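> Contents of structure_19.txt (compact mmCIF, N, CA and C atoms):
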# COMPACT_ATOMS: atom_id res chain seq x y z
N GLN A 59 -13.72 -6.60 -12.94
CA GLN A 59 -13.58 -5.63 -11.85
C GLN A 59 -12.83 -6.25 -10.69
N VAL A 60 -12.08 -5.42 -10.02
CA VAL A 60 -11.35 -5.83 -8.83
C VAL A 60 -11.74 -4.89 -7.69
N GLN A 61 -12.01 -5.45 -6.54
CA GLN A 61 -12.31 -4.65 -5.36
C GLN A 61 -11.15 -4.79 -4.38
N LEU A 62 -10.77 -3.68 -3.79
CA LEU A 62 -9.66 -3.65 -2.84
C LEU A 62 -10.13 -3.03 -1.53
N MET A 63 -9.73 -3.62 -0.42
CA MET A 63 -10.13 -3.13 0.89
C MET A 63 -8.93 -3.07 1.81
N GLU A 64 -8.52 -1.86 2.18
CA GLU A 64 -7.41 -1.70 3.12
C GLU A 64 -7.91 -1.79 4.56
N SER A 65 -7.03 -2.21 5.44
CA SER A 65 -7.33 -2.22 6.86
C SER A 65 -6.02 -2.14 7.64
N GLY A 66 -6.14 -1.84 8.91
CA GLY A 66 -4.97 -1.83 9.78
C GLY A 66 -4.44 -0.46 10.15
N GLY A 67 -5.04 0.59 9.62
CA GLY A 67 -4.58 1.93 9.96
C GLY A 67 -4.89 2.30 11.39
N GLY A 68 -4.30 3.41 11.84
CA GLY A 68 -4.55 3.88 13.19
C GLY A 68 -3.47 4.82 13.64
N LEU A 69 -3.38 4.99 14.96
CA LEU A 69 -2.41 5.88 15.56
C LEU A 69 -1.23 5.06 16.09
N VAL A 70 -0.03 5.50 15.77
CA VAL A 70 1.16 4.83 16.25
C VAL A 70 2.16 5.88 16.71
N HIS A 71 2.92 5.55 17.73
CA HIS A 71 3.93 6.49 18.22
C HIS A 71 5.17 6.45 17.33
N PRO A 72 5.91 7.52 17.29
CA PRO A 72 7.16 7.52 16.51
C PRO A 72 8.06 6.36 16.94
N GLY A 73 8.62 5.69 15.94
CA GLY A 73 9.45 4.53 16.20
C GLY A 73 8.69 3.23 16.26
N GLY A 74 7.36 3.32 16.31
CA GLY A 74 6.54 2.13 16.43
C GLY A 74 6.33 1.44 15.09
N SER A 75 5.59 0.34 15.14
CA SER A 75 5.32 -0.45 13.95
C SER A 75 3.82 -0.61 13.74
N LEU A 76 3.48 -0.85 12.49
CA LEU A 76 2.08 -1.05 12.13
C LEU A 76 2.06 -1.88 10.85
N ARG A 77 1.06 -2.71 10.70
CA ARG A 77 0.92 -3.49 9.48
C ARG A 77 -0.42 -3.22 8.84
N LEU A 78 -0.37 -2.85 7.57
CA LEU A 78 -1.58 -2.64 6.79
C LEU A 78 -1.86 -3.87 5.94
N SER A 79 -3.13 -4.10 5.67
CA SER A 79 -3.53 -5.19 4.78
C SER A 79 -4.38 -4.63 3.65
N CYS A 80 -4.29 -5.28 2.51
CA CYS A 80 -5.13 -4.93 1.37
C CYS A 80 -5.69 -6.23 0.81
N ALA A 81 -6.97 -6.43 1.02
CA ALA A 81 -7.63 -7.65 0.55
C ALA A 81 -8.24 -7.40 -0.82
N ALA A 82 -7.91 -8.25 -1.76
CA ALA A 82 -8.42 -8.13 -3.12
C ALA A 82 -9.50 -9.18 -3.37
N SER A 83 -10.50 -8.78 -4.14
CA SER A 83 -11.57 -9.70 -4.51
C SER A 83 -12.03 -9.36 -5.92
N GLY A 84 -12.84 -10.23 -6.48
CA GLY A 84 -13.32 -10.02 -7.84
C GLY A 84 -12.45 -10.77 -8.84
N ASN A 85 -12.12 -10.11 -9.94
CA ASN A 85 -11.34 -10.73 -11.01
C ASN A 85 -9.85 -10.69 -10.69
N ILE A 86 -9.46 -11.50 -9.72
CA ILE A 86 -8.07 -11.51 -9.23
C ILE A 86 -7.09 -11.85 -10.34
N ARG A 87 -7.48 -12.72 -11.22
CA ARG A 87 -6.56 -13.18 -12.26
C ARG A 87 -6.18 -12.08 -13.24
N SER A 88 -6.92 -10.99 -13.23
CA SER A 88 -6.60 -9.90 -14.16
C SER A 88 -5.49 -8.99 -13.64
N ILE A 89 -5.10 -9.19 -12.38
CA ILE A 89 -4.14 -8.27 -11.76
C ILE A 89 -2.72 -8.56 -12.24
N ASN A 90 -2.05 -7.53 -12.72
CA ASN A 90 -0.66 -7.64 -13.17
C ASN A 90 0.29 -7.24 -12.05
N ASP A 91 0.00 -6.16 -11.37
CA ASP A 91 0.83 -5.77 -10.25
C ASP A 91 0.01 -4.97 -9.25
N MET A 92 0.53 -4.85 -8.05
CA MET A 92 -0.15 -4.13 -6.98
C MET A 92 0.83 -3.20 -6.30
N ALA A 93 0.28 -2.18 -5.67
CA ALA A 93 1.14 -1.18 -5.06
C ALA A 93 0.48 -0.55 -3.85
N TRP A 94 1.31 0.08 -3.03
CA TRP A 94 0.86 0.94 -1.94
C TRP A 94 1.25 2.37 -2.28
N TRP A 95 0.31 3.27 -2.07
CA TRP A 95 0.55 4.69 -2.23
C TRP A 95 0.13 5.38 -0.93
N ARG A 96 0.59 6.61 -0.76
CA ARG A 96 0.11 7.37 0.38
C ARG A 96 -0.08 8.82 -0.02
N LEU A 97 -1.01 9.46 0.70
CA LEU A 97 -1.30 10.87 0.48
C LEU A 97 -1.15 11.61 1.80
N PRO A 98 0.02 12.22 2.01
CA PRO A 98 0.23 12.98 3.25
C PRO A 98 -0.60 14.26 3.23
N PRO A 99 -0.96 14.79 4.37
CA PRO A 99 -1.76 16.01 4.40
C PRO A 99 -1.04 17.18 3.73
N GLY A 100 -1.68 17.81 2.79
CA GLY A 100 -1.13 18.97 2.11
C GLY A 100 -0.05 18.66 1.09
N LYS A 101 0.14 17.40 0.79
CA LYS A 101 1.19 17.03 -0.16
C LYS A 101 0.62 16.18 -1.28
N GLU A 102 1.49 15.87 -2.25
CA GLU A 102 1.06 15.05 -3.37
C GLU A 102 1.16 13.56 -3.02
N ARG A 103 0.42 12.77 -3.75
CA ARG A 103 0.47 11.33 -3.57
C ARG A 103 1.86 10.81 -3.94
N GLU A 104 2.34 9.85 -3.16
CA GLU A 104 3.64 9.27 -3.46
C GLU A 104 3.57 7.75 -3.39
N LEU A 105 4.40 7.13 -4.22
CA LEU A 105 4.48 5.67 -4.24
C LEU A 105 5.24 5.20 -3.00
N VAL A 106 4.65 4.22 -2.31
CA VAL A 106 5.34 3.61 -1.17
C VAL A 106 6.07 2.35 -1.61
N ALA A 107 5.36 1.47 -2.30
CA ALA A 107 5.97 0.22 -2.76
C ALA A 107 5.11 -0.38 -3.86
N ARG A 108 5.77 -1.07 -4.77
CA ARG A 108 5.05 -1.76 -5.85
C ARG A 108 5.62 -3.15 -6.00
N ILE A 109 4.73 -4.13 -6.08
CA ILE A 109 5.13 -5.52 -6.32
C ILE A 109 4.79 -5.87 -7.76
N THR A 110 5.81 -6.25 -8.52
CA THR A 110 5.61 -6.67 -9.89
C THR A 110 6.18 -8.07 -10.07
N SER A 111 5.99 -8.63 -11.26
CA SER A 111 6.55 -9.94 -11.54
C SER A 111 8.08 -9.90 -11.53
N GLY A 112 8.64 -8.72 -11.72
CA GLY A 112 10.09 -8.57 -11.75
C GLY A 112 10.70 -8.25 -10.41
N GLY A 113 9.88 -8.03 -9.41
CA GLY A 113 10.40 -7.73 -8.09
C GLY A 113 9.62 -6.62 -7.42
N THR A 114 10.18 -6.11 -6.34
CA THR A 114 9.52 -5.08 -5.55
C THR A 114 10.35 -3.81 -5.55
N ILE A 115 9.69 -2.68 -5.71
CA ILE A 115 10.38 -1.40 -5.62
C ILE A 115 9.77 -0.59 -4.49
N TYR A 116 10.59 0.23 -3.86
CA TYR A 116 10.16 1.06 -2.73
C TYR A 116 10.47 2.52 -3.00
N GLY A 117 9.62 3.37 -2.46
CA GLY A 117 9.92 4.79 -2.50
C GLY A 117 11.12 5.11 -1.63
N ASP A 118 11.87 6.12 -2.00
CA ASP A 118 13.10 6.45 -1.29
C ASP A 118 12.85 6.75 0.19
N SER A 119 11.71 7.33 0.49
CA SER A 119 11.45 7.75 1.87
C SER A 119 11.14 6.59 2.81
N VAL A 120 10.89 5.41 2.27
CA VAL A 120 10.53 4.27 3.13
C VAL A 120 11.51 3.12 3.01
N LYS A 121 12.48 3.22 2.14
CA LYS A 121 13.44 2.12 1.96
C LYS A 121 14.13 1.79 3.29
N GLY A 122 14.19 0.51 3.58
CA GLY A 122 14.83 0.07 4.80
C GLY A 122 13.92 0.07 6.02
N ARG A 123 12.74 0.68 5.90
CA ARG A 123 11.82 0.74 7.04
C ARG A 123 10.51 0.00 6.77
N PHE A 124 10.07 0.02 5.54
CA PHE A 124 8.81 -0.62 5.18
C PHE A 124 9.09 -1.85 4.34
N THR A 125 8.23 -2.85 4.47
CA THR A 125 8.34 -4.06 3.67
C THR A 125 6.94 -4.46 3.20
N THR A 126 6.81 -4.75 1.92
CA THR A 126 5.53 -5.21 1.41
C THR A 126 5.64 -6.66 0.97
N SER A 127 4.54 -7.37 1.06
CA SER A 127 4.52 -8.78 0.68
C SER A 127 3.11 -9.15 0.23
N LYS A 128 3.01 -10.26 -0.42
CA LYS A 128 1.70 -10.76 -0.88
C LYS A 128 1.47 -12.18 -0.42
N ASP A 129 0.26 -12.46 -0.02
CA ASP A 129 -0.19 -13.81 0.30
C ASP A 129 -1.17 -14.18 -0.81
N ASN A 130 -0.68 -14.88 -1.80
CA ASN A 130 -1.53 -15.19 -2.96
C ASN A 130 -2.66 -16.13 -2.59
N ALA A 131 -2.45 -16.97 -1.61
CA ALA A 131 -3.51 -17.91 -1.21
C ALA A 131 -4.72 -17.17 -0.65
N ASN A 132 -4.49 -16.04 0.00
CA ASN A 132 -5.56 -15.26 0.59
C ASN A 132 -5.84 -13.96 -0.16
N ASN A 133 -5.17 -13.79 -1.30
CA ASN A 133 -5.39 -12.58 -2.13
C ASN A 133 -5.21 -11.30 -1.31
N THR A 134 -4.19 -11.28 -0.50
CA THR A 134 -3.96 -10.14 0.38
C THR A 134 -2.54 -9.64 0.26
N MET A 135 -2.39 -8.32 0.21
CA MET A 135 -1.08 -7.68 0.20
C MET A 135 -0.90 -6.98 1.54
N TYR A 136 0.31 -7.00 2.04
CA TYR A 136 0.60 -6.40 3.34
C TYR A 136 1.67 -5.32 3.21
N LEU A 137 1.62 -4.40 4.14
CA LEU A 137 2.66 -3.39 4.25
C LEU A 137 3.07 -3.32 5.71
N GLN A 138 4.27 -3.82 5.99
CA GLN A 138 4.83 -3.75 7.34
C GLN A 138 5.62 -2.46 7.46
N MET A 139 5.21 -1.63 8.38
CA MET A 139 5.84 -0.33 8.54
C MET A 139 6.53 -0.28 9.89
N ASN A 140 7.84 -0.16 9.87
CA ASN A 140 8.64 -0.08 11.08
C ASN A 140 9.28 1.30 11.20
N SER A 141 9.78 1.58 12.38
CA SER A 141 10.50 2.84 12.62
C SER A 141 9.73 4.04 12.09
N ARG A 142 8.47 4.11 12.49
CA ARG A 142 7.59 5.13 11.95
C ARG A 142 8.06 6.53 12.33
N LYS A 143 7.87 7.46 11.41
CA LYS A 143 8.21 8.86 11.62
C LYS A 143 6.94 9.70 11.47
N PRO A 144 6.90 10.87 12.07
CA PRO A 144 5.72 11.72 11.91
C PRO A 144 5.38 12.00 10.45
N GLU A 145 6.41 12.09 9.61
CA GLU A 145 6.15 12.37 8.19
C GLU A 145 5.54 11.18 7.45
N ASP A 146 5.40 10.05 8.12
CA ASP A 146 4.69 8.91 7.53
C ASP A 146 3.19 9.05 7.67
N THR A 147 2.75 10.06 8.41
CA THR A 147 1.31 10.30 8.55
C THR A 147 0.69 10.57 7.19
N ALA A 148 -0.32 9.79 6.84
CA ALA A 148 -0.94 9.90 5.52
C ALA A 148 -2.14 8.97 5.44
N VAL A 149 -2.91 9.13 4.39
CA VAL A 149 -3.89 8.11 4.02
C VAL A 149 -3.17 7.15 3.08
N TYR A 150 -3.22 5.89 3.41
CA TYR A 150 -2.54 4.86 2.62
C TYR A 150 -3.57 4.13 1.76
N TYR A 151 -3.21 3.98 0.50
CA TYR A 151 -4.11 3.33 -0.46
C TYR A 151 -3.39 2.14 -1.11
N CYS A 152 -4.15 1.11 -1.42
CA CYS A 152 -3.59 0.08 -2.28
C CYS A 152 -4.21 0.20 -3.67
N ASP A 153 -3.47 -0.28 -4.62
CA ASP A 153 -3.77 -0.08 -6.03
C ASP A 153 -3.43 -1.36 -6.77
N ALA A 154 -4.28 -1.74 -7.71
CA ALA A 154 -4.02 -2.92 -8.53
C ALA A 154 -4.18 -2.53 -9.99
N ARG A 155 -3.25 -2.99 -10.79
CA ARG A 155 -3.32 -2.70 -12.23
C ARG A 155 -3.56 -3.99 -12.98
N ALA A 156 -4.54 -3.97 -13.87
CA ALA A 156 -4.84 -5.13 -14.68
C ALA A 156 -3.86 -5.22 -15.85
N TYR A 157 -3.80 -6.38 -16.45
CA TYR A 157 -2.89 -6.60 -17.57
C TYR A 157 -3.19 -5.65 -18.73
N TRP A 158 -4.44 -5.30 -18.91
CA TRP A 158 -4.81 -4.44 -20.03
C TRP A 158 -4.84 -2.97 -19.66
N GLY A 159 -4.41 -2.65 -18.45
CA GLY A 159 -4.23 -1.24 -18.10
C GLY A 159 -5.21 -0.66 -17.12
N ASP A 160 -6.37 -1.29 -16.91
CA ASP A 160 -7.31 -0.76 -15.92
C ASP A 160 -6.65 -0.71 -14.55
N GLU A 161 -7.05 0.29 -13.78
CA GLU A 161 -6.46 0.47 -12.46
C GLU A 161 -7.58 0.56 -11.43
N TYR A 162 -7.35 -0.08 -10.30
CA TYR A 162 -8.35 -0.14 -9.24
C TYR A 162 -7.72 0.36 -7.94
N TRP A 163 -8.56 1.03 -7.12
CA TRP A 163 -8.08 1.61 -5.87
C TRP A 163 -8.98 1.20 -4.72
N GLY A 164 -8.34 1.08 -3.56
CA GLY A 164 -9.10 0.89 -2.33
C GLY A 164 -9.57 2.23 -1.81
N GLN A 165 -10.29 2.21 -0.70
CA GLN A 165 -10.86 3.44 -0.15
C GLN A 165 -9.86 4.19 0.73
N GLY A 166 -8.76 3.55 1.08
CA GLY A 166 -7.73 4.21 1.88
C GLY A 166 -7.91 3.95 3.36
N THR A 167 -6.80 4.01 4.07
CA THR A 167 -6.83 3.88 5.52
C THR A 167 -5.88 4.91 6.12
N GLN A 168 -6.33 5.60 7.15
CA GLN A 168 -5.56 6.67 7.76
C GLN A 168 -4.53 6.11 8.73
N VAL A 169 -3.30 6.57 8.57
CA VAL A 169 -2.24 6.24 9.51
C VAL A 169 -1.68 7.54 10.06
N THR A 170 -1.66 7.65 11.38
CA THR A 170 -1.16 8.84 12.03
C THR A 170 -0.02 8.46 12.96
N VAL A 171 1.11 9.14 12.80
CA VAL A 171 2.27 8.92 13.65
C VAL A 171 2.43 10.14 14.54
N SER A 172 2.22 9.95 15.82
CA SER A 172 2.25 11.07 16.74
C SER A 172 2.54 10.59 18.14
N SER A 173 3.22 11.42 18.89
CA SER A 173 3.47 11.09 20.28
C SER A 173 2.37 11.65 21.17
Would you kindly transcribe this structure into structure tokens?

Amino acid sequence: QVQLMESGGGLVHPGGSLRLSCAASGNIRSINDMAWWRLPPGKERELVARITSGGTIYGDSVKGRFTTSKDNANNTMYLQMNSRKPEDTAVYYCDARAYWGDEYWGQGTQVTVSS
């Protein structure tokens, strides 16, 4: 089992920056890749970024504005969000996939972009 805990959400003004963290615990060695997803109000869940052994991919709506990274020493993944837009308002989740296919989710953290 893997446990994931997001933190860092809150209210930010348009154009501002915010950094989210996702701390992983449990069977860390089982993790094959990790990702950030978001669920905007009234919309479907969308992929924000995924870190794999082959590199990092970003959703089209965040390319050039968001950056994700991992600190393997602290088992933590980060999402640096710059140039925030109102449409970035969503609940942000981190996700980890095990080598054998099991998937784990955090509880989510609310990010609101508003003036």
> Please provide the set of residues having any atom within 7 Å of Ser65 (chain A), restricted to all atoms listed in the file, with same-chain residues fewer than 6 positions apart removed, written as a list in words.
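Counting only the stated atoms, we get Arg77, Leu78, Ser79, Cys80, Ala81, Gly166 and Thr167 of chain A.
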> Using all atoms listed in the file, pick whichever of A:Ala82, A:Ser173, A:Gln165, A:Pro72 has the shortest atom-to-atom distance to Tyr150 (chain A).
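The answer is A:Gln165, which sits nearest to Tyr150 (chain A).
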> To one decimal place, how far is atom C of Tyr151 (chain A) from CA of Val169 (chain A) in Å?
11.4 Å
> Hey, what does DSSP flag as helix (DSSP H, G or I) within chain A? Can you give it to me as a list in words?
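Residues meeting the helix (DSSP H, G or I) criterion: Ile86, Arg87, Ser88, Pro144, Glu145 and Asp146 of chain A.
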> Using DSSP on the backbone, list every residue of chain A that comes out as strand (DSSP E), and give them as a PyMOL selection string.
chain A and resi 60-65+68-70+76-84+89-97+104-110+113-116+124-129+134-139+148-156+161-163+167-171
> To one decimal in Å, tell me the separation between CA of Ser83 (chain A) and CA of Thr170 (chain A).
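CA of Thr170 (chain A) lies 26.9 Å from CA of Ser83 (chain A).
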> Between A:Val120, A:Val149, A:Ala93, A:Leu62, which has the minimum distance to Ala107 (chain A) (counting only N, CA and C atoms)?
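Once distances to Ala107 (chain A) are computed over only N, CA and C atoms, the minimum belongs to A:Ala93.
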> Write out as a tab-separated table (two decimals) with N, CA and C atoms, in the coordinates of the input which residues come within 7 Å of region 125-130 of chain A when counting all atoms listed in the file, dropping same-chain ones fewer than 4 positions away.

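Full text of out_15.tsv as output:
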chain	number	residue	atom	x	y	z
A	107	ALA	N	5.36	1.47	-2.30
A	107	ALA	CA	5.97	0.22	-2.76
A	107	ALA	C	5.11	-0.38	-3.86
A	120	VAL	N	10.89	5.41	2.27
A	120	VAL	CA	10.53	4.27	3.13
A	120	VAL	C	11.51	3.12	3.01
A	134	THR	N	-4.19	-11.28	-0.50
A	134	THR	CA	-3.96	-10.14	0.38
A	134	THR	C	-2.54	-9.64	0.26
A	135	MET	N	-2.39	-8.32	0.21
A	135	MET	CA	-1.08	-7.68	0.20
A	135	MET	C	-0.90	-6.98	1.54
A	136	TYR	N	0.31	-7.00	2.04
A	136	TYR	CA	0.60	-6.40	3.34
A	136	TYR	C	1.67	-5.32	3.21
A	137	LEU	N	1.62	-4.40	4.14
A	137	LEU	CA	2.66	-3.39	4.25
A	137	LEU	C	3.07	-3.32	5.71
A	138	GLN	N	4.27	-3.82	5.99
A	138	GLN	CA	4.83	-3.75	7.34
A	138	GLN	C	5.62	-2.46	7.46
A	139	MET	N	5.21	-1.63	8.38
A	139	MET	CA	5.84	-0.33	8.54
A	139	MET	C	6.53	-0.28	9.89
A	140	ASN	N	7.84	-0.16	9.87
A	140	ASN	CA	8.64	-0.08	11.08
A	140	ASN	C	9.28	1.30	11.20
> Complete region 72-96 of chain A at the level of N, CA, C and O atoms, written as an mmCIF file, in the coordinates of the input.

data_model
loop_
_atom_site.group_PDB
_atom_site.id
_atom_site.type_symbol
_atom_site.label_atom_id
_atom_site.label_comp_id
_atom_site.auth_asym_id
_atom_site.auth_seq_id
_atom_site.Cartn_x
_atom_site.Cartn_y
_atom_site.Cartn_z
ATOM 1 N N PRO A 72 5.910 7.520 17.290
ATOM 2 C CA PRO A 72 7.160 7.520 16.510
ATOM 3 C C PRO A 72 8.060 6.360 16.940
ATOM 4 O O PRO A 72 8.197 6.073 18.124
ATOM 5 N N GLY A 73 8.620 5.690 15.940
ATOM 6 C CA GLY A 73 9.450 4.530 16.200
ATOM 7 C C GLY A 73 8.690 3.230 16.260
ATOM 8 O O GLY A 73 9.286 2.147 16.250
ATOM 9 N N GLY A 74 7.360 3.320 16.310
ATOM 10 C CA GLY A 74 6.540 2.130 16.430
ATOM 11 C C GLY A 74 6.330 1.440 15.090
ATOM 12 O O GLY A 74 6.802 1.899 14.044
ATOM 13 N N SER A 75 5.590 0.340 15.140
ATOM 14 C CA SER A 75 5.320 -0.450 13.950
ATOM 15 C C SER A 75 3.820 -0.610 13.740
ATOM 16 O O SER A 75 3.036 -0.541 14.689
ATOM 17 N N LEU A 76 3.480 -0.850 12.490
ATOM 18 C CA LEU A 76 2.080 -1.050 12.130
ATOM 19 C C LEU A 76 2.060 -1.880 10.850
ATOM 20 O O LEU A 76 2.962 -1.741 10.008
ATOM 21 N N ARG A 77 1.060 -2.710 10.700
ATOM 22 C CA ARG A 77 0.920 -3.490 9.480
ATOM 23 C C ARG A 77 -0.420 -3.220 8.840
ATOM 24 O O ARG A 77 -1.466 -3.364 9.479
ATOM 25 N N LEU A 78 -0.370 -2.850 7.570
ATOM 26 C CA LEU A 78 -1.580 -2.640 6.790
ATOM 27 C C LEU A 78 -1.860 -3.870 5.940
ATOM 28 O O LEU A 78 -0.923 -4.574 5.518
ATOM 29 N N SER A 79 -3.130 -4.100 5.670
ATOM 30 C CA SER A 79 -3.530 -5.190 4.780
ATOM 31 C C SER A 79 -4.380 -4.630 3.650
ATOM 32 O O SER A 79 -5.095 -3.636 3.833
ATOM 33 N N CYS A 80 -4.290 -5.280 2.510
ATOM 34 C CA CYS A 80 -5.130 -4.930 1.370
ATOM 35 C C CYS A 80 -5.690 -6.230 0.810
ATOM 36 O O CYS A 80 -4.950 -7.027 0.222
ATOM 37 N N ALA A 81 -6.970 -6.430 1.020
ATOM 38 C CA ALA A 81 -7.630 -7.650 0.550
ATOM 39 C C ALA A 81 -8.240 -7.400 -0.820
ATOM 40 O O ALA A 81 -8.996 -6.444 -1.007
ATOM 41 N N ALA A 82 -7.910 -8.250 -1.760
ATOM 42 C CA ALA A 82 -8.420 -8.130 -3.120
ATOM 43 C C ALA A 82 -9.500 -9.180 -3.370
ATOM 44 O O ALA A 82 -9.414 -10.303 -2.889
ATOM 45 N N SER A 83 -10.500 -8.780 -4.140
ATOM 46 C CA SER A 83 -11.570 -9.700 -4.510
ATOM 47 C C SER A 83 -12.030 -9.360 -5.920
ATOM 48 O O SER A 83 -11.667 -8.327 -6.481
ATOM 49 N N GLY A 84 -12.840 -10.230 -6.480
ATOM 50 C CA GLY A 84 -13.320 -10.020 -7.840
ATOM 51 C C GLY A 84 -12.450 -10.770 -8.840
ATOM 52 O O GLY A 84 -12.045 -11.895 -8.592
ATOM 53 N N ASN A 85 -12.120 -10.110 -9.940
ATOM 54 C CA ASN A 85 -11.340 -10.730 -11.010
ATOM 55 C C ASN A 85 -9.850 -10.690 -10.690
ATOM 56 O O ASN A 85 -9.067 -9.970 -11.328
ATOM 57 N N ILE A 86 -9.460 -11.500 -9.720
ATOM 58 C CA ILE A 86 -8.070 -11.510 -9.230
ATOM 59 C C ILE A 86 -7.090 -11.850 -10.340
ATOM 60 O O ILE A 86 -5.990 -11.287 -10.408
ATOM 61 N N ARG A 87 -7.480 -12.720 -11.220
ATOM 62 C CA ARG A 87 -6.560 -13.180 -12.260
ATOM 63 C C ARG A 87 -6.180 -12.080 -13.240
ATOM 64 O O ARG A 87 -5.217 -12.238 -14.008
ATOM 65 N N SER A 88 -6.920 -10.990 -13.230
ATOM 66 C CA SER A 88 -6.600 -9.900 -14.160
ATOM 67 C C SER A 88 -5.490 -8.990 -13.640
ATOM 68 O O SER A 88 -4.982 -8.151 -14.375
ATOM 69 N N ILE A 89 -5.100 -9.190 -12.380
ATOM 70 C CA ILE A 89 -4.140 -8.270 -11.760
ATOM 71 C C ILE A 89 -2.720 -8.560 -12.240
ATOM 72 O O ILE A 89 -2.238 -9.683 -12.150
ATOM 73 N N ASN A 90 -2.050 -7.530 -12.720
ATOM 74 C CA ASN A 90 -0.660 -7.640 -13.170
ATOM 75 C C ASN A 90 0.290 -7.240 -12.050
ATOM 76 O O ASN A 90 1.315 -7.900 -11.842
ATOM 77 N N ASP A 91 0.000 -6.160 -11.370
ATOM 78 C CA ASP A 91 0.830 -5.770 -10.250
ATOM 79 C C ASP A 91 0.010 -4.970 -9.250
ATOM 80 O O ASP A 91 -1.069 -4.474 -9.570
ATOM 81 N N MET A 92 0.530 -4.850 -8.050
ATOM 82 C CA MET A 92 -0.150 -4.130 -6.980
ATOM 83 C C MET A 92 0.830 -3.200 -6.300
ATOM 84 O O MET A 92 2.041 -3.416 -6.315
ATOM 85 N N ALA A 93 0.280 -2.180 -5.670
ATOM 86 C CA ALA A 93 1.140 -1.180 -5.060
ATOM 87 C C ALA A 93 0.480 -0.550 -3.850
ATOM 88 O O ALA A 93 -0.743 -0.631 -3.666
ATOM 89 N N TRP A 94 1.310 0.080 -3.030
ATOM 90 C CA TRP A 94 0.860 0.940 -1.940
ATOM 91 C C TRP A 94 1.250 2.370 -2.280
ATOM 92 O O TRP A 94 2.374 2.632 -2.694
ATOM 93 N N TRP A 95 0.310 3.270 -2.070
ATOM 94 C CA TRP A 95 0.550 4.690 -2.230
ATOM 95 C C TRP A 95 0.130 5.380 -0.930
ATOM 96 O O TRP A 95 -0.598 4.812 -0.132
ATOM 97 N N ARG A 96 0.590 6.610 -0.760
ATOM 98 C CA ARG A 96 0.110 7.370 0.380
ATOM 99 C C ARG A 96 -0.080 8.820 -0.020
ATOM 100 O O ARG A 96 0.583 9.326 -0.920
#
